[in-house]
Amino acid sequence: MKRGNRNKTNFQLKGRIVVFATNNINKFNEARRILAEHKIAVGMFKVKAAEIQSDSLKKIAQTSAQDAFRRCHLPILVEDAGLFIKALNGFPGPYAAYVYETLGNKGLLKLMKNVKDRKARFKSAIAYCESREDVSVCFEGEANGEITVNECSEKGKASFGFDPIFRPSGSIKTFAQMTIEEKNGFSHRAKGFRKFAEWFKKLQ
């Protein structure tokens, strides 16, 4: 009986409803706003999915999505992001989360001290999985910009990670100074989720 109920629930959830596996409420809120524009409902699934060590954001996201699906058996989204700094040969890249935890914004700014070329880009890979047998499909987004000289002291409620030291091209504000709506006009994550939303709508 329990197994039958689970299968019935999975069937009912198919349609314009997906689950975003993340422990980051700020990431979830950014994604929720984008998907709502396309009339796609999204739930938050707090889980630490398996994360492989790889130089490829796409491979990391796909592997995590497949692992998360095995845990919840629902149409699942996983996002992995990286910060690539030109003067540091792409560092920290896909290891951005670890570098943020160990060095933080101040530590990264120390590495950039007296560096004139401050070009950088955020990249996002969003993987979607709805079947144990299927390989996750992936949607990528990118935001070009620069690393600021100092950490931005003016931070919005949704600021997290390297937002206080990244200013996207075409803006006088860092990600940290922006509202969610403003950030979604520039961010790598928003671009990836828009690509997913357009693809997902065509399936329905």
# chains A, B, ... in the order shown; residues from 1 in each chain; ligands from 1

call {"tool": "residues_around", "arguments": {"residues": "segment 168-177 of chain A", "least_positions_apart": "5", "cutoff": "8 Å", "atoms": "only C-alpha atoms", "output": "PDB file with C-alpha atoms, in the first residue's frame"}}
result
ATOM      1  CA  ALA A 143      27.760  36.229 -15.779  1.00  0.00           C
ATOM      2  CA  ASN A 144      30.815  38.267 -16.727  1.00  0.00           C
ATOM      3  CA  GLY A 145      32.124  40.970 -14.444  1.00  0.00           C
ATOM      4  CA  GLU A 146      34.991  41.918 -12.181  1.00  0.00           C
ATOM      5  CA  CYS A 152      31.185  45.653  -0.263  1.00  0.00           C
ATOM      6  CA  GLU A 154      26.421  47.348   1.909  1.00  0.00           C
ATOM      7  CA  LYS A 155      24.780  43.932   1.762  1.00  0.00           C
ATOM      8  CA  GLY A 156      21.198  43.026   1.008  1.00  0.00           C
ATOM      9  CA  ALA A 158      19.811  37.844   0.032  1.00  0.00           C
ATOM     10  CA  SER A 159      23.590  38.363  -0.210  1.00  0.00           C
ATOM     11  CA  PHE A 160      25.760  35.289   0.180  1.00  0.00           C
ATOM     12  CA  ASP A 163      28.387  38.411  -3.886  1.00  0.00           C
ATOM     13  CA  LYS A 183      20.397  40.184  -9.421  1.00  0.00           C
ATOM     14  CA  PHE A 186      22.424  39.683 -14.447  1.00  0.00           C
ATOM     15  CA  SER A 187      23.180  36.428 -12.707  1.00  0.00           C
TER      16      SER A 187
END

call {"tool": "residues_around", "arguments": {"residues": "segment 26-42 of chain A", "least_positions_apart": "4", "cutoff": "8 Å", "atoms": "only C-alpha atoms", "output": "list in words"}}
result
Arg16, Ile17, Val18, Val19, Phe20, Thr22, Ala158, Ser159, Phe160, Ile180, Glu181, Asn184, Arg189, Ala190, Phe193, Arg194, Ala197, Glu198 and Lys201 of chain A

call {"tool": "write_last_selection", "arguments": {"atoms": "C-alpha atoms", "output": "PDB file, in the first residue's frame"}}
result
ATOM      1  CA  ARG A  16       4.793  22.149 -13.958  1.00  0.00           C
ATOM      2  CA  ILE A  17       6.157  21.230 -10.538  1.00  0.00           C
ATOM      3  CA  VAL A  18       9.789  20.458  -9.740  1.00  0.00           C
ATOM      4  CA  VAL A  19      11.949  20.143  -6.635  1.00  0.00           C
ATOM      5  CA  PHE A  20      15.196  22.076  -6.119  1.00  0.00           C
ATOM      6  CA  THR A  22      19.635  22.789  -2.013  1.00  0.00           C
ATOM      7  CA  ALA A 158      19.811  37.844   0.032  1.00  0.00           C
ATOM      8  CA  SER A 159      23.590  38.363  -0.210  1.00  0.00           C
ATOM      9  CA  PHE A 160      25.760  35.289   0.180  1.00  0.00           C
ATOM     10  CA  ILE A 180      16.749  39.462  -5.938  1.00  0.00           C
ATOM     11  CA  GLU A 181      14.961  40.965  -8.939  1.00  0.00           C
ATOM     12  CA  ASN A 184      18.220  37.934 -11.571  1.00  0.00           C
ATOM     13  CA  ARG A 189      21.999  31.236 -11.983  1.00  0.00           C
ATOM     14  CA  ALA A 190      19.032  33.133 -13.409  1.00  0.00           C
ATOM     15  CA  PHE A 193      17.120  28.562 -14.770  1.00  0.00           C
ATOM     16  CA  ARG A 194      15.521  30.508 -17.630  1.00  0.00           C
ATOM     17  CA  ALA A 197      12.198  26.757 -17.770  1.00  0.00           C
ATOM     18  CA  GLU A 198      11.922  27.199 -21.540  1.00  0.00           C
ATOM     19  CA  LYS A 201       7.601  24.045 -20.652  1.00  0.00           C
TER      20      LYS A 201
END

call {"tool": "select_by_dssp", "arguments": {"residues": "segment 19-177 of chain A", "states": "strand (DSSP E or B)", "output": "count of residues only"}}
result
45

call {"tool": "closest_residue", "arguments": {"among": "A:Asn114, A:Gln66, A:Thr179, A:Thr148", "to": "Ser131 of chain A", "atoms": "only C-alpha atoms"}}
result
A:Gln66

call {"tool": "select_by_dssp", "arguments": {"residues": "segment 10-169 of chain A", "states": "helix (DSSP H, G or I)", "output": "ChimeraX atom specification"}}
result
/A:10-13,25-37,57-72,86-88,96-102,104-111,163-165

call {"tool": "closest_residue", "arguments": {"among": "A:Phe196, A:Gly185, A:Glu151, A:Lys48", "to": "Lys106 of chain A", "atoms": "only C-alpha atoms"}}
result
A:Glu151

call {"tool": "closest_residue", "arguments": {"among": "A:Gly104, A:Lys113, A:Asn89, A:Leu57", "to": "Gly141 of chain A", "atoms": "only C-alpha atoms"}}
result
A:Leu57

call {"tool": "residues_around", "arguments": {"residues": "segment 91-95 of chain A", "least_positions_apart": "2", "cutoff": "9 Å", "atoms": "only C-alpha atoms", "output": "ChimeraX atom specification"}}
result
/A:53-57,60,80-89,97-100,122-123

call {"tool": "write_last_selection", "arguments": {"atoms": "C-alpha atoms", "output": "mmCIF file, in the first residue's frame"}}
result
data_model
loop_
_atom_site.group_PDB
_atom_site.id
_atom_site.type_symbol
_atom_site.label_atom_id
_atom_site.label_comp_id
_atom_site.auth_asym_id
_atom_site.auth_seq_id
_atom_site.Cartn_x
_atom_site.Cartn_y
_atom_site.Cartn_z
ATOM 1 C CA GLN A 53 35.564 16.203 -7.386
ATOM 2 C CA SER A 54 35.745 17.472 -10.950
ATOM 3 C CA ASP A 55 36.833 20.476 -12.989
ATOM 4 C CA SER A 56 33.466 20.288 -14.777
ATOM 5 C CA LEU A 57 30.498 22.038 -13.168
ATOM 6 C CA ILE A 60 29.249 17.734 -10.695
ATOM 7 C CA ASP A 80 26.470 23.907 -9.013
ATOM 8 C CA ALA A 81 28.274 27.206 -9.483
ATOM 9 C CA GLY A 82 31.843 28.420 -9.770
ATOM 10 C CA LEU A 83 33.779 31.674 -9.811
ATOM 11 C CA PHE A 84 36.510 31.906 -12.451
ATOM 12 C CA ILE A 85 39.043 34.724 -12.043
ATOM 13 C CA LYS A 86 41.162 35.478 -15.108
ATOM 14 C CA ALA A 87 44.283 36.687 -13.284
ATOM 15 C CA LEU A 88 44.254 33.538 -11.112
ATOM 16 C CA ASN A 89 44.019 31.222 -14.135
ATOM 17 C CA ALA A 97 32.330 26.939 -2.163
ATOM 18 C CA TYR A 98 35.341 25.345 -0.476
ATOM 19 C CA VAL A 99 37.501 28.425 -1.073
ATOM 20 C CA TYR A 100 34.783 30.656 0.369
ATOM 21 C CA PHE A 122 30.413 33.297 -12.477
ATOM 22 C CA LYS A 123 29.236 30.085 -14.131
#

call {"tool": "atom_distance", "arguments": {"atom1": "atom CA of Glu79 of chain A", "atom2": "atom CA of Arg118 of chain A"}}
result
25.5 Å

call {"tool": "residues_around", "arguments": {"residues": "Ala21 of chain A", "least_positions_apart": "3", "cutoff": "10 Å", "atoms": "only C-alpha atoms", "output": "list in words"}}
result
Val18, Asn24, Phe28, Gly43, Met44, Phe45, Lys46, Val47, Lys48, Ala49, Ser64, Ala65, Ala68, Phe69, Cys72, Ile76, Leu77, Val78 and Glu79 of chain A
